[in-house]
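J.: Data file entry_25.cif (mmCIF, C-alpha atoms and all ligand atoms) is appended below.
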data_data
loop_
_atom_site.label_atom_id
_atom_site.label_comp_id
_atom_site.auth_asym_id
_atom_site.auth_seq_id
_atom_site.Cartn_x
_atom_site.Cartn_y
_atom_site.Cartn_z
CA MET C 1 89.76 98.09 119.30
CA SER C 2 90.39 101.38 121.06
CA LEU C 3 93.59 102.77 119.63
CA THR C 4 94.27 106.33 118.51
CA VAL C 5 97.05 106.76 115.96
CA LEU C 6 98.56 110.03 114.77
CA MET C 7 99.42 109.36 111.12
CA ASN C 8 102.15 111.78 110.05
CA ALA C 9 101.98 112.26 106.28
CA GLY C 10 104.16 115.39 106.24
CA PRO C 11 103.71 118.79 104.56
CA TRP C 12 104.51 118.00 100.90
CA LEU C 13 101.27 116.79 99.30
CA SER C 14 97.63 116.44 100.24
CA VAL C 15 96.21 112.99 100.99
CA PRO C 16 95.17 111.48 98.66
CA PRO C 17 97.71 113.16 96.37
CA PRO C 18 96.52 115.17 93.36
CA GLY C 19 98.75 113.18 90.98
CA TYR C 20 102.16 111.68 91.76
CA GLY C 21 102.60 110.81 95.44
CA GLY C 22 103.83 107.41 96.61
CA ILE C 23 103.77 107.89 100.40
CA GLU C 24 100.50 109.83 100.35
CA ASN C 25 98.94 107.05 98.24
CA VAL C 26 100.01 104.41 100.75
CA ILE C 27 98.41 106.44 103.57
CA ALA C 28 95.22 106.98 101.55
CA THR C 29 95.01 103.19 101.03
CA LEU C 30 95.84 102.26 104.63
CA VAL C 31 93.72 104.68 106.68
CA PRO C 32 90.19 103.60 105.59
CA GLU C 33 91.08 99.98 106.41
CA LEU C 34 92.51 100.91 109.81
CA ARG C 35 89.33 102.81 110.63
CA ARG C 36 87.28 99.80 109.55
CA LEU C 37 89.25 97.82 112.14
CA GLY C 38 88.28 100.38 114.79
CA VAL C 39 91.47 102.47 114.90
CA ARG C 40 90.92 106.24 115.40
CA VAL C 41 93.15 108.19 113.03
CA VAL C 42 94.42 111.74 113.52
CA LEU C 43 96.01 112.80 110.24
CA ALA C 44 98.94 115.24 110.35
CA SER C 45 99.05 116.56 106.80
CA VAL C 46 98.17 119.78 104.95
CA GLY C 47 94.82 121.57 105.13
CA SER C 48 93.84 120.59 101.58
CA SER C 49 93.82 116.84 102.38
CA THR C 50 90.40 115.30 101.80
CA LEU C 51 90.88 111.77 103.17
CA PRO C 52 88.10 111.01 105.70
CA VAL C 53 89.71 110.71 109.16
CA ASP C 54 88.62 111.15 112.77
CA GLU C 55 90.63 114.36 113.17
CA GLN C 56 93.04 116.32 111.03
CA MET C 57 95.80 118.75 111.95
CA SER C 58 97.96 120.87 109.68
CA VAL C 59 100.49 123.68 109.77
CA PHE C 60 100.28 124.51 106.05
CA ASP C 61 97.04 124.97 104.13
CA ASP C 62 98.34 123.45 100.90
CA GLY C 63 100.97 120.92 99.83
CA GLN C 64 104.50 122.36 99.79
CA PHE C 65 105.80 120.03 97.05
CA ALA C 66 106.94 122.84 94.75
CA ALA C 67 109.16 124.20 97.55
CA LEU C 68 111.29 121.03 97.36
CA GLN C 69 113.09 122.72 94.43
CA ARG C 70 114.23 125.54 96.77
CA PRO C 71 117.58 125.64 98.66
CA TYR C 72 118.08 122.88 101.22
CA ASN C 73 117.76 125.11 104.30
CA GLN C 74 114.36 126.36 103.14
CA VAL C 75 113.18 122.78 102.53
CA CYS C 76 114.31 121.83 106.06
CA GLY C 77 112.55 124.90 107.44
CA ILE C 78 109.22 123.70 106.00
CA ALA C 79 109.71 120.15 107.28
CA GLN C 80 110.62 121.45 110.73
CA ALA C 81 107.68 123.86 110.92
CA HIS C 82 105.34 120.96 110.15
CA LEU C 83 107.01 118.73 112.73
CA ALA C 84 106.99 121.44 115.38
CA GLY C 85 103.21 121.53 114.87
CA VAL C 86 103.02 117.74 115.29
CA VAL C 87 105.11 117.84 118.47
CA ARG C 88 102.99 120.70 119.91
CA GLU C 89 99.89 118.61 119.21
CA LEU C 90 101.41 115.56 120.93
CA HIS C 91 102.40 117.60 124.00
CA SER C 92 98.94 119.13 124.26
CA ARG C 93 96.97 115.87 124.49
CA ASP C 94 97.28 112.47 126.15
CA ASP C 95 94.99 110.33 123.99
CA ILE C 96 97.47 109.52 121.20
CA ASP C 97 98.55 105.89 121.69
CA LEU C 98 101.01 105.76 118.84
CA VAL C 99 102.56 107.86 116.07
CA HIS C 100 102.81 106.25 112.63
CA ASP C 101 105.39 108.43 110.92
CA HIS C 102 106.14 108.52 107.18
CA VAL C 103 108.38 111.61 106.96
CA GLU C 104 111.94 110.83 105.90
CA ALA C 105 114.63 111.08 108.57
CA VAL C 106 113.69 114.52 109.89
CA GLY C 107 110.35 113.29 111.20
CA LEU C 108 111.84 110.29 112.91
CA ALA C 109 114.66 112.27 114.51
CA THR C 110 112.25 114.89 115.79
CA LEU C 111 109.95 112.30 117.32
CA ALA C 112 112.91 110.44 118.80
CA ALA C 113 114.05 113.71 120.37
CA MET C 114 110.79 113.98 122.29
CA GLY C 115 112.24 111.45 124.70
CA PRO C 116 110.07 109.57 127.18
CA ALA C 117 107.37 112.25 126.91
CA GLY C 118 106.51 111.15 123.38
CA PRO C 119 104.19 108.30 122.47
CA PRO C 120 105.54 105.06 120.96
CA THR C 121 106.42 105.66 117.31
CA LEU C 122 106.49 103.41 114.25
CA HIS C 123 108.32 104.92 111.27
CA THR C 124 107.78 103.35 107.85
CA LEU C 125 110.81 103.39 105.55
CA HIS C 126 109.82 104.14 101.97
CA TRP C 127 113.15 104.34 100.12
CA ASP C 128 116.23 102.26 99.45
CA LEU C 129 118.44 103.52 102.27
CA ALA C 130 121.63 101.60 101.62
CA LYS C 131 123.14 104.62 99.88
CA HIS C 132 122.06 107.11 102.55
CA PRO C 133 123.32 105.81 105.91
CA ALA C 134 123.96 109.35 107.17
CA LEU C 135 120.29 110.20 106.83
CA TYR C 136 119.41 108.27 109.94
CA GLY C 137 122.80 108.33 111.68
CA GLY C 138 121.56 110.14 114.78
CA LEU C 139 118.55 107.91 115.43
CA ASP C 140 118.18 107.18 119.11
CA GLY C 141 114.62 106.91 120.32
CA GLY C 142 115.52 104.12 122.70
CA ASP C 143 112.80 101.48 122.87
CA ARG C 144 110.11 103.98 122.00
CA VAL C 145 110.91 104.52 118.31
CA ARG C 146 110.74 101.56 115.90
CA VAL C 147 110.88 101.21 112.14
CA ASN C 148 109.36 98.91 109.54
CA GLY C 149 110.27 98.36 105.91
CA VAL C 150 108.06 97.85 102.86
CA SER C 151 110.01 94.68 102.00
CA ALA C 152 112.48 92.34 103.69
CA SER C 153 115.10 93.23 101.10
CA GLN C 154 114.80 96.97 101.83
CA LEU C 155 115.31 96.32 105.54
CA ALA C 156 118.25 94.00 104.93
CA ARG C 157 120.03 96.82 103.06
CA ALA C 158 119.17 99.54 105.59
CA PRO C 159 121.83 101.04 107.90
CA LEU C 160 122.48 99.14 111.13
CA ALA C 161 120.96 101.89 113.29
CA LEU C 162 117.64 101.25 111.56
CA ARG C 163 117.82 97.47 111.49
CA GLU C 164 118.44 97.47 115.25
CA HIS C 165 115.10 99.27 115.68
CA SER C 166 113.16 97.18 113.15
CA VAL C 167 109.93 95.32 113.90
CA GLY C 168 109.65 93.76 110.44
CA HIS C 169 108.23 94.60 107.04
CA VAL C 170 104.79 95.13 105.50
CA HIS C 171 104.36 94.73 101.74
CA LEU C 172 102.55 97.46 99.82
CA SER C 173 99.00 96.92 98.66
CA THR C 174 96.54 98.25 96.10
CA PRO C 175 92.76 98.78 96.14
CA LEU C 176 92.82 97.10 92.71
CA ALA C 177 93.49 93.79 94.48
CA VAL C 178 90.10 93.79 96.23
CA GLN C 179 88.13 90.96 94.62
CA ALA C 180 90.58 91.06 91.73
CA ASP C 181 89.80 87.40 91.04
CA ARG C 182 86.07 88.14 90.57
CA ARG C 183 86.35 90.76 87.83
CA PRO C 184 85.83 89.73 84.20
CA ARG C 185 89.01 88.65 82.46
CA PRO C 186 90.42 91.57 80.42
CA GLU C 187 91.25 91.36 76.72
CA LYS C 188 95.00 91.14 76.19
CA GLY C 189 96.78 93.28 73.61
CA GLU C 190 100.24 92.86 72.09
CA HIS C 191 102.13 95.49 74.05
CA LEU C 192 104.61 95.29 76.90
CA LEU C 193 104.39 98.05 79.49
CA ILE C 194 106.90 99.77 81.75
CA LEU C 195 104.88 101.81 84.26
CA GLY C 196 106.88 104.17 86.45
CA ARG C 197 109.08 107.26 86.69
CA ILE C 198 111.57 107.36 83.81
CA ASN C 199 114.79 106.86 85.74
CA PRO C 200 118.02 104.87 85.33
CA GLY C 201 117.03 102.62 88.27
CA LYS C 202 113.82 101.61 86.53
CA GLY C 203 115.79 100.66 83.39
CA GLN C 204 113.61 101.98 80.55
CA ASP C 205 116.68 102.00 78.28
CA VAL C 206 117.14 98.25 78.76
CA GLY C 207 113.45 97.72 78.04
CA ALA C 208 113.52 99.81 74.86
CA ARG C 209 116.50 97.90 73.44
CA LEU C 210 114.84 94.60 74.37
CA ALA C 211 111.62 95.57 72.55
CA HIS C 212 113.55 96.17 69.33
CA ARG C 213 115.38 92.86 69.75
CA VAL C 214 112.26 90.71 70.29
CA GLY C 215 110.00 92.83 68.05
CA PHE C 216 107.23 93.38 70.64
CA PRO C 217 105.65 96.84 70.98
CA LEU C 218 106.61 98.60 74.21
CA VAL C 219 104.76 101.44 75.93
CA LEU C 220 106.68 103.59 78.41
CA ALA C 221 104.27 105.35 80.80
CA GLY C 222 105.42 107.76 83.48
CA PRO C 223 106.89 111.22 83.98
CA VAL C 224 110.37 112.28 82.86
CA GLY C 225 111.54 114.44 85.77
CA PRO C 226 108.87 117.13 86.22
CA TYR C 227 107.47 116.63 82.68
CA HIS C 228 104.27 114.64 82.44
CA ARG C 229 103.58 114.98 78.72
CA PRO C 230 105.91 114.62 75.72
CA ALA C 231 104.75 118.06 74.49
CA ASP C 232 105.81 119.70 77.81
CA LEU C 233 109.28 118.19 77.59
CA ALA C 234 109.64 119.23 73.94
CA ALA C 235 108.59 122.81 74.81
CA ALA C 236 111.04 123.05 77.72
CA GLY C 237 114.11 123.19 75.48
CA ASP C 238 117.71 122.85 76.70
CA GLU C 239 116.98 124.02 80.24
CA ALA C 240 115.23 120.70 80.89
CA ARG C 241 118.60 118.91 80.69
CA GLN C 242 119.48 120.18 84.16
CA ASN C 243 117.31 117.38 85.51
CA PRO C 244 119.22 114.04 85.62
CA ASP C 245 116.16 111.99 84.65
CA VAL C 246 115.65 114.22 81.60
CA ARG C 247 119.31 113.68 80.60
CA PHE C 248 118.85 109.91 81.05
CA PHE C 249 115.72 109.93 78.90
CA LEU C 250 117.16 112.08 76.12
CA ASP C 251 120.54 110.32 75.97
CA GLU C 252 119.73 106.68 76.76
CA VAL C 253 116.04 106.07 76.06
CA ALA C 254 114.86 108.54 73.38
CA PRO C 255 117.22 107.16 70.68
CA HIS C 256 115.19 103.91 70.86
CA VAL C 257 111.78 105.62 70.98
CA ASP C 258 110.58 105.49 67.38
CA GLY C 259 106.93 106.32 68.11
CA ASP C 260 105.96 103.02 66.51
CA LEU C 261 107.44 99.93 68.18
CA VAL C 262 108.57 101.89 71.27
CA ARG C 263 106.49 104.84 72.50
CA TRP C 264 106.70 107.22 75.46
CA ILE C 265 103.16 108.42 76.27
CA GLY C 266 103.88 110.46 79.44
CA THR C 267 102.03 110.04 82.72
CA VAL C 268 98.82 108.02 82.69
CA ALA C 269 96.19 108.03 85.42
CA GLY C 270 92.86 106.54 86.46
CA GLN C 271 91.01 104.25 84.05
CA GLU C 272 93.50 104.90 81.25
CA ARG C 273 96.33 103.59 83.42
CA ASP C 274 94.33 100.55 84.55
CA ASP C 275 93.26 99.66 80.99
CA LEU C 276 96.81 99.98 79.71
CA LEU C 277 98.09 97.71 82.49
CA ALA C 278 95.28 95.15 82.22
CA SER C 279 95.66 94.79 78.44
CA ALA C 280 99.47 94.45 78.47
CA ARG C 281 100.89 91.02 77.64
CA ALA C 282 103.44 91.57 80.44
CA SER C 283 104.72 94.31 82.73
CA LEU C 284 108.42 94.83 82.45
CA PHE C 285 110.75 95.89 85.31
CA PRO C 286 114.32 95.81 83.91
CA LEU C 287 115.59 97.21 87.23
CA ARG C 288 119.02 98.58 87.94
CA TRP C 289 118.25 99.52 91.54
CA GLU C 290 116.96 97.59 94.50
CA GLU C 291 113.24 98.40 94.19
CA PRO C 292 112.12 98.94 97.81
CA GLY C 293 108.34 98.42 97.61
CA GLY C 294 107.04 98.20 94.03
CA THR C 295 103.46 99.49 94.01
CA ALA C 296 103.33 99.13 90.23
CA VAL C 297 104.30 95.45 90.62
CA VAL C 298 101.30 94.60 92.81
CA GLU C 299 99.00 96.75 90.64
CA SER C 300 100.08 94.72 87.62
CA LEU C 301 99.25 91.41 89.32
CA ALA C 302 95.88 92.76 90.52
CA LEU C 303 94.97 93.57 86.92
CA GLY C 304 96.03 90.13 85.68
CA THR C 305 99.28 91.07 84.00
CA PRO C 306 102.32 88.86 84.66
CA VAL C 307 105.60 90.56 85.58
CA VAL C 308 108.94 90.06 83.83
CA ALA C 309 111.75 91.58 85.86
CA THR C 310 115.31 91.55 87.03
CA ALA C 311 115.37 89.81 90.40
CA ARG C 312 116.32 92.88 92.42
CA GLY C 313 115.03 94.48 95.60
CA CYS C 314 111.53 93.39 96.58
CA LEU C 315 110.78 91.61 93.27
CA PRO C 316 111.57 88.05 94.48
CA GLU C 317 109.29 88.65 97.50
CA LEU C 318 106.35 89.87 95.44
CA ILE C 319 106.65 87.64 92.37
CA GLU C 320 106.46 83.86 92.43
CA HIS C 321 108.73 82.80 89.58
CA GLY C 322 106.82 80.63 87.10
CA ARG C 323 103.44 81.48 88.65
CA THR C 324 102.90 85.25 88.62
CA GLY C 325 105.97 86.29 86.66
CA LEU C 326 109.44 85.44 85.46
CA LEU C 327 112.61 86.73 87.12
CA THR C 328 116.26 86.64 86.16
CA THR C 329 119.54 87.99 87.48
CA ASP C 330 120.83 88.21 83.90
CA GLU C 331 119.62 91.30 82.00
CA GLU C 332 120.34 89.54 78.69
CA GLU C 333 117.79 86.85 79.52
CA LEU C 334 114.86 89.27 79.86
CA GLY C 335 114.03 89.02 76.14
CA ASP C 336 113.55 85.22 76.35
CA LEU C 337 111.42 85.65 79.46
CA VAL C 338 109.18 88.20 77.77
CA VAL C 339 108.50 85.66 74.99
CA ALA C 340 107.85 82.90 77.55
CA SER C 341 105.55 85.07 79.69
CA ASP C 342 102.62 84.23 77.36
CA LEU C 343 102.52 80.86 79.14
CA LEU C 344 101.63 82.43 82.50
CA ASP C 345 98.00 82.55 83.59
CA PRO C 346 96.55 86.07 84.16
CA ASP C 347 93.90 84.62 86.49
CA GLU C 348 96.62 83.21 88.72
CA CYS C 349 98.13 86.72 89.04
CA ARG C 350 94.76 88.11 90.09
CA ARG C 351 94.14 85.27 92.57
CA VAL C 352 97.50 85.89 94.27
CA ALA C 353 96.88 89.67 94.39
CA ALA C 354 93.44 89.14 95.97
CA GLN C 355 95.06 86.97 98.66
CA ARG C 356 98.26 88.89 99.40
CA PHE C 357 98.08 92.51 98.28
CA THR C 358 94.76 93.99 99.44
CA PRO C 359 94.58 97.07 101.71
CA ALA C 360 92.88 94.86 104.35
CA VAL C 361 95.89 92.52 104.51
CA MET C 362 98.23 95.52 104.84
CA ALA C 363 96.12 97.18 107.58
CA GLN C 364 95.87 93.96 109.60
CA ARG C 365 99.64 93.64 109.54
CA TYR C 366 100.11 97.28 110.64
CA VAL C 367 97.72 96.77 113.57
CA GLU C 368 99.91 93.84 114.65
CA LEU C 369 103.00 96.02 114.42
CA TYR C 370 101.32 98.84 116.38
CA GLU C 371 100.66 96.37 119.22
CA ARG C 372 104.24 95.13 119.06
CA VAL C 373 105.68 98.66 119.18
CA ARG C 374 103.50 99.56 122.15
CA GLN C 375 104.51 96.37 123.99
CA LEU C 376 108.20 96.98 123.35
CA SER C 377 107.93 100.58 124.50
CA SER C 378 106.27 99.65 127.79
CA ALA C 379 108.53 96.65 128.53
CA PRO C 380 110.64 97.21 131.65
N1 LIG C 401 102.04 105.76 88.18
C1 LIG C 401 100.93 106.31 87.56
N2 LIG C 401 101.08 106.81 86.30
C2 LIG C 401 102.25 106.77 85.63
C3 LIG C 401 103.38 106.19 86.26
C4 LIG C 401 103.24 105.69 87.54
O1 LIG C 401 99.83 106.35 88.13
O2 LIG C 401 102.29 107.22 84.50
C5 LIG C 401 101.88 105.21 89.56
C6 LIG C 401 101.97 103.69 89.58
O3 LIG C 401 100.75 103.12 89.14
C7 LIG C 401 102.31 103.47 91.06
C8 LIG C 401 103.16 104.69 91.42
O4 LIG C 401 102.92 105.67 90.41
O5 LIG C 401 101.11 103.48 91.84
C9 LIG C 401 104.66 104.38 91.44
O6 LIG C 401 104.95 103.67 92.59
P1 LIG C 401 106.12 102.58 92.60
O7 LIG C 401 106.24 102.06 94.03
O8 LIG C 401 105.89 101.55 91.55
O9 LIG C 401 107.43 103.40 92.16
P2 LIG C 401 108.20 104.66 92.83
O10 LIG C 401 107.98 105.80 91.88
O11 LIG C 401 107.58 104.92 94.20
O12 LIG C 401 109.64 104.22 92.88
#
Would you mind writing the file out in structure tokens?
T.:
Amino acid sequence: MSLTVLMNAGPWLSVPPPGYGGIENVIATLVPELRRLGVRVVLASVGSSTLPVDEQMSVFDDGQFAALQRPYNQVCGIAQAHLAGVVRELHSRDDIDLVHDHVEAVGLATLAAMGPAGPPTLHTLHWDLAKHPALYGGLDGGDRVRVNGVSASQLARAPLALREHSVGHVHLSTPLAVQADRRPRPEKGEHLLILGRINPGKGQDVGARLAHRVGFPLVLAGPVGPYHRPADLAAAGDEARQNPDVRFFLDEVAPHVDGDLVRWIGTVAGQERDDLLASARASLFPLRWEEPGGTAVVESLALGTPVVATARGCLPELIEHGRTGLLTTDEEELGDLVVASDLLDPDECRRVAAQRFTPAVMAQRYVELYERVRQLSSAP
């Protein structure tokens, strides 16, 4: 296939990301598979990105993530400087067939503003946008700019201006799903695991209370605001409370963290994360928000760990109730489901992940969408 795609990752983090980095992780998973399918990829990112691509362009040498704490106008200035570089690049060459943009709102609006001179553009939505309709209010790229979601539920909740430009959704994937059904079956431990940012939407407080009720050990893994280790949070003192996720943790979760039955271990990575997930009796998602994509959900399945969750956001799309997990709309019922989850077959979770959630499946679907976007943009 001869197709050249400019993949706009934005200026915030290198690709792959050094630690946390949802969007940059998705790009790092997608690009090698696209190139395997014959797509040429020009990556618009920061100079420190190390992902193998056909060409790379950058305005900033290093990721600008720390600058996100600065005043809003300075943050916008960085985003716009990056995008001005992307637009200059697009104007200076005629071999880019399509832009695949991942930069929230600003990126899409800038590319839309290029008018007919710009290449067809597919923008991937990464967040739950129902609460932020104004973010995309000015979108008008005509037939040239299209969007896709990371789940059907995310798209259904998106503002009308976005839904009118939608070409469908593509579920997230994980490299852990590749041949997941061929790896040796892991030993299961006793613990439940909640893997993710500590945040009211992810519901760690509900999980902690549940663990005490059913008497199962629970491990909470993930950062609390900017703090990756319990010692860092303890050392930060009262100033840390300015962060809403820190306040949530200290007020709603920490009272249930006894260091014995319920533990917060901070951020985990690499093999430690995979071992913790693979040995869990179940992964718990006691959600209070509409989870848009759920990378941790597909990672759990790939490692043979059934999911127990509130049926919100993308969960009913990713989890087959009674086969790969147990879902409920009633928070009170989660405890019963955790007990019943022992009946689910870890091998079945891995089989489903190997079929549905590999990077190859995701890349194939994006190639289809690229074709669709190009057709729509050239239609009379
Ligand atoms: N993650 C991790 N270590 C942690 C907590 C989370 O590596 O301690 C990873 C997790 O495995 C997943 C990503 O961070 O790949 C979180 O993505 P997800 O879509 O689940 O949640 P988001 O934070 O984007 O809402």
J.: Against ligand LIG 401 (chain C), which residues of chain C fall within 8 Å? For each one I want the closest pair of atoms and the distance in Å (one decimal), counting all atoms listed in the file, rows by chain and increasing residue number, as a Markdown table.
T.:
| residue | atom | partner | partner_atom | distance |
| --- | --- | --- | --- | --- |
| C:Gly19 | CA | C:LIG401 | O1 | 7.5 |
| C:Tyr20 | CA | C:LIG401 | O4 | 6.2 |
| C:Gly21 | CA | C:LIG401 | O4 | 7.2 |
| C:Gly22 | CA | C:LIG401 | O11 | 5.1 |
| C:Ile23 | CA | C:LIG401 | O11 | 7.9 |
| C:Asn25 | CA | C:LIG401 | O5 | 7.6 |
| C:Leu195 | CA | C:LIG401 | C3 | 5.0 |
| C:Gly196 | CA | C:LIG401 | C3 | 4.0 |
| C:Arg197 | CA | C:LIG401 | O10 | 5.5 |
| C:Ala221 | CA | C:LIG401 | O2 | 4.6 |
| C:Gly222 | CA | C:LIG401 | O2 | 3.3 |
| C:Pro223 | CA | C:LIG401 | O2 | 6.1 |
| C:His228 | CA | C:LIG401 | O2 | 8.0 |
| C:Gly266 | CA | C:LIG401 | O2 | 6.2 |
| C:Thr267 | CA | C:LIG401 | O2 | 3.3 |
| C:Val268 | CA | C:LIG401 | O2 | 4.0 |
| C:Ala269 | CA | C:LIG401 | O1 | 4.8 |
| C:Gly270 | CA | C:LIG401 | O1 | 7.2 |
| C:Arg273 | CA | C:LIG401 | N2 | 6.4 |
| C:Glu291 | CA | C:LIG401 | O12 | 7.0 |
| C:Pro292 | CA | C:LIG401 | O12 | 7.6 |
| C:Gly293 | CA | C:LIG401 | O7 | 5.5 |
| C:Gly294 | CA | C:LIG401 | O7 | 3.9 |
| C:Thr295 | CA | C:LIG401 | O7 | 3.8 |
| C:Ala296 | CA | C:LIG401 | O8 | 3.8 |
| C:Val297 | CA | C:LIG401 | O8 | 6.4 |
| C:Glu299 | CA | C:LIG401 | O3 | 6.8 |
J.: Residues at most 10 Å from region 201-210 of chain C, counting only C-alpha atoms, excluding those fewer than 2 positions away in the same chain, as a VMD selection string?
T.: chain C and resid 192 to 199 212 to 221 248 to 249 251 to 258 261 to 263 284 to 291 310 331 to 336 338
J.: At a cut-off of 7 Å, can you tabulate as a Markdown table every residue of region 269-310 of chain C near region 321-326 of chain C together with its closest atom pair and the distance in Å to one decimal, using all atoms listed in the file and ordering rows by chain then number?
T.:
| residue | atom | partner | partner_atom | distance |
| --- | --- | --- | --- | --- |
| C:Pro306 | CA | C:Gly325 | CA | 4.9 |
| C:Val307 | CA | C:Gly325 | CA | 4.4 |
| C:Val308 | CA | C:Leu326 | CA | 4.9 |
| C:Ala309 | CA | C:Leu326 | CA | 6.6 |
J.: Now that the selection is made, can you save its residues with C-alpha atoms as a PDB file, in the frame of the given file?
T.:
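The result, written out as result22.pdb:
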ATOM      1  CA  PRO C 306     102.320  88.860  84.660  1.00  0.00           C
ATOM      2  CA  VAL C 307     105.600  90.560  85.580  1.00  0.00           C
ATOM      3  CA  VAL C 308     108.940  90.060  83.830  1.00  0.00           C
ATOM      4  CA  ALA C 309     111.750  91.580  85.860  1.00  0.00           C
TER       5      ALA C 309
END
J.: Interatomic distance between CA of Val167 (chain C) and CA of Arg40 (chain C)?
T.: 22.0 Å
J.: Mind giving me the straight-line distance from CA of Leu43 (chain C) to CA of Arg365 (chain C) in Å, one decimal?
T.: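 That distance, rounded to one decimal, is 19.5 Å.
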J.: Excluding Phe357 (chain C) and any residue of its chain fewer than 2 positions from it, enumerate the residues within 7 Å of it, using all atoms listed in the file, and give them as a list in words.
T.: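 So the residues in contact are Leu172, Ser173, Thr174, Ala177, Val298, Ala353, Ala354, Gln355, Pro359 and Val361 of chain C.
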J.: Do you know which residues are at most 7 Å from region 372-374 of chain C counting only C-alpha atoms, after dropping those on the same chain fewer than 6 positions away, and could you put them as an MDAnalysis selection string?
T.: chainID C and resid 120 122 146
J.: Would you mind listing what lies within 12 Å of Pro184 (chain C) as a list in words, with all atoms listed in the file counted and same-chain residues fewer than 3 positions away left out?
T.: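 Surrounding residues, per the criterion: Gln179, Ala180, Asp181, Glu187, Ala278, Leu303, Gly304, Pro346, Asp347 and Arg350 of chain C.
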J.: To one decimal in Å, tell me the separation between CA of Gly38 (chain C) and CA of Ser377 (chain C).
T.: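 Taking CA of Gly38 (chain C) as the start and CA of Ser377 (chain C) as the end point, the length is 21.9 Å.
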J.: I'd like a table as a Markdown table: residues in region 72-91 of chain C with an atom no more than 10 Å from region 6-18 of chain C, each row giving the shortest atom pair and its distance in Å to one decimal, all atoms listed in the file counted, sorted by chain and rising residue number.
T.:
| residue | atom | partner | partner_atom | distance |
| --- | --- | --- | --- | --- |
| C:Ile78 | CA | C:Pro11 | CA | 7.5 |
| C:Ala79 | CA | C:Pro11 | CA | 6.7 |
| C:Gln80 | CA | C:Pro11 | CA | 9.6 |
| C:Ala81 | CA | C:Pro11 | CA | 9.1 |
| C:His82 | CA | C:Pro11 | CA | 6.2 |
| C:Leu83 | CA | C:Gly10 | CA | 7.8 |
| C:Val86 | CA | C:Asn8 | CA | 8.0 |
| C:Glu89 | CA | C:Leu6 | CA | 9.8 |
| C:Leu90 | CA | C:Leu6 | CA | 8.8 |
J.: So which one's closest to Pro159 (chain C), C:Leu125, C:Leu318, C:Cys76, C:Ala44? Using all atoms listed in the file, please.
T.: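 Looking at the shortest contact to Pro159 (chain C), the residue is C:Leu125.
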J.: Using only C-alpha atoms, can you tell me which of C:Leu315, C:Ala240, C:Leu37, C:Met114 comes closest to Tyr227 (chain C)?
T.: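 Distance minimum relative to Tyr227 (chain C) lands on C:Ala240.
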J.: Any chance you could work out the axis-aligned box around region 211-229 of chain C, listed atoms only, 5 Å on each side, giving centre and edge lengths in Å to one decimal, as AutoDock Vina command-line options?
T.:
--center_x 109.5 --center_y 103.9 --center_z 77.1 --size_x 21.8 --size_y 36.4 --size_z 28.2
J.: Would you kindly return, as a list in words, each protein, DNA or RNA residue with an atom no farther than 8 Å from any atom of Leu277 (chain C), considering only C-alpha atoms and excluding same-chain residues fewer than 2 positions away?
T.: Leu193, Arg273, Asp274, Asp275, Ser279, Ala280, Ser283, Ser300, Leu303 and Thr305 of chain C
J.: Within 12 Å of (96.5, 96.5, 113.8), in the coordinates the file gives, what residues turn up when you count only C-alpha atoms, written out as a PyMOL selection string?
T.: chain C and resi 1-5+30-31+33-40+98+100+170+360-374
J.: Deliver the residues from the most recent selection as a file, using C-alpha atoms, as an mmCIF file, in the coordinates of the input.
T.:
data_model
loop_
_atom_site.group_PDB
_atom_site.id
_atom_site.type_symbol
_atom_site.label_atom_id
_atom_site.label_comp_id
_atom_site.auth_asym_id
_atom_site.auth_seq_id
_atom_site.Cartn_x
_atom_site.Cartn_y
_atom_site.Cartn_z
ATOM 1 C CA MET C 1 89.760 98.090 119.300
ATOM 2 C CA SER C 2 90.390 101.380 121.060
ATOM 3 C CA LEU C 3 93.590 102.770 119.630
ATOM 4 C CA THR C 4 94.270 106.330 118.510
ATOM 5 C CA VAL C 5 97.050 106.760 115.960
ATOM 6 C CA LEU C 30 95.840 102.260 104.630
ATOM 7 C CA VAL C 31 93.720 104.680 106.680
ATOM 8 C CA GLU C 33 91.080 99.980 106.410
ATOM 9 C CA LEU C 34 92.510 100.910 109.810
ATOM 10 C CA ARG C 35 89.330 102.810 110.630
ATOM 11 C CA ARG C 36 87.280 99.800 109.550
ATOM 12 C CA LEU C 37 89.250 97.820 112.140
ATOM 13 C CA GLY C 38 88.280 100.380 114.790
ATOM 14 C CA VAL C 39 91.470 102.470 114.900
ATOM 15 C CA ARG C 40 90.920 106.240 115.400
ATOM 16 C CA LEU C 98 101.010 105.760 118.840
ATOM 17 C CA HIS C 100 102.810 106.250 112.630
ATOM 18 C CA VAL C 170 104.790 95.130 105.500
ATOM 19 C CA ALA C 360 92.880 94.860 104.350
ATOM 20 C CA VAL C 361 95.890 92.520 104.510
ATOM 21 C CA MET C 362 98.230 95.520 104.840
ATOM 22 C CA ALA C 363 96.120 97.180 107.580
ATOM 23 C CA GLN C 364 95.870 93.960 109.600
ATOM 24 C CA ARG C 365 99.640 93.640 109.540
ATOM 25 C CA TYR C 366 100.110 97.280 110.640
ATOM 26 C CA VAL C 367 97.720 96.770 113.570
ATOM 27 C CA GLU C 368 99.910 93.840 114.650
ATOM 28 C CA LEU C 369 103.000 96.020 114.420
ATOM 29 C CA TYR C 370 101.320 98.840 116.380
ATOM 30 C CA GLU C 371 100.660 96.370 119.220
ATOM 31 C CA ARG C 372 104.240 95.130 119.060
ATOM 32 C CA VAL C 373 105.680 98.660 119.180
ATOM 33 C CA ARG C 374 103.500 99.560 122.150
#
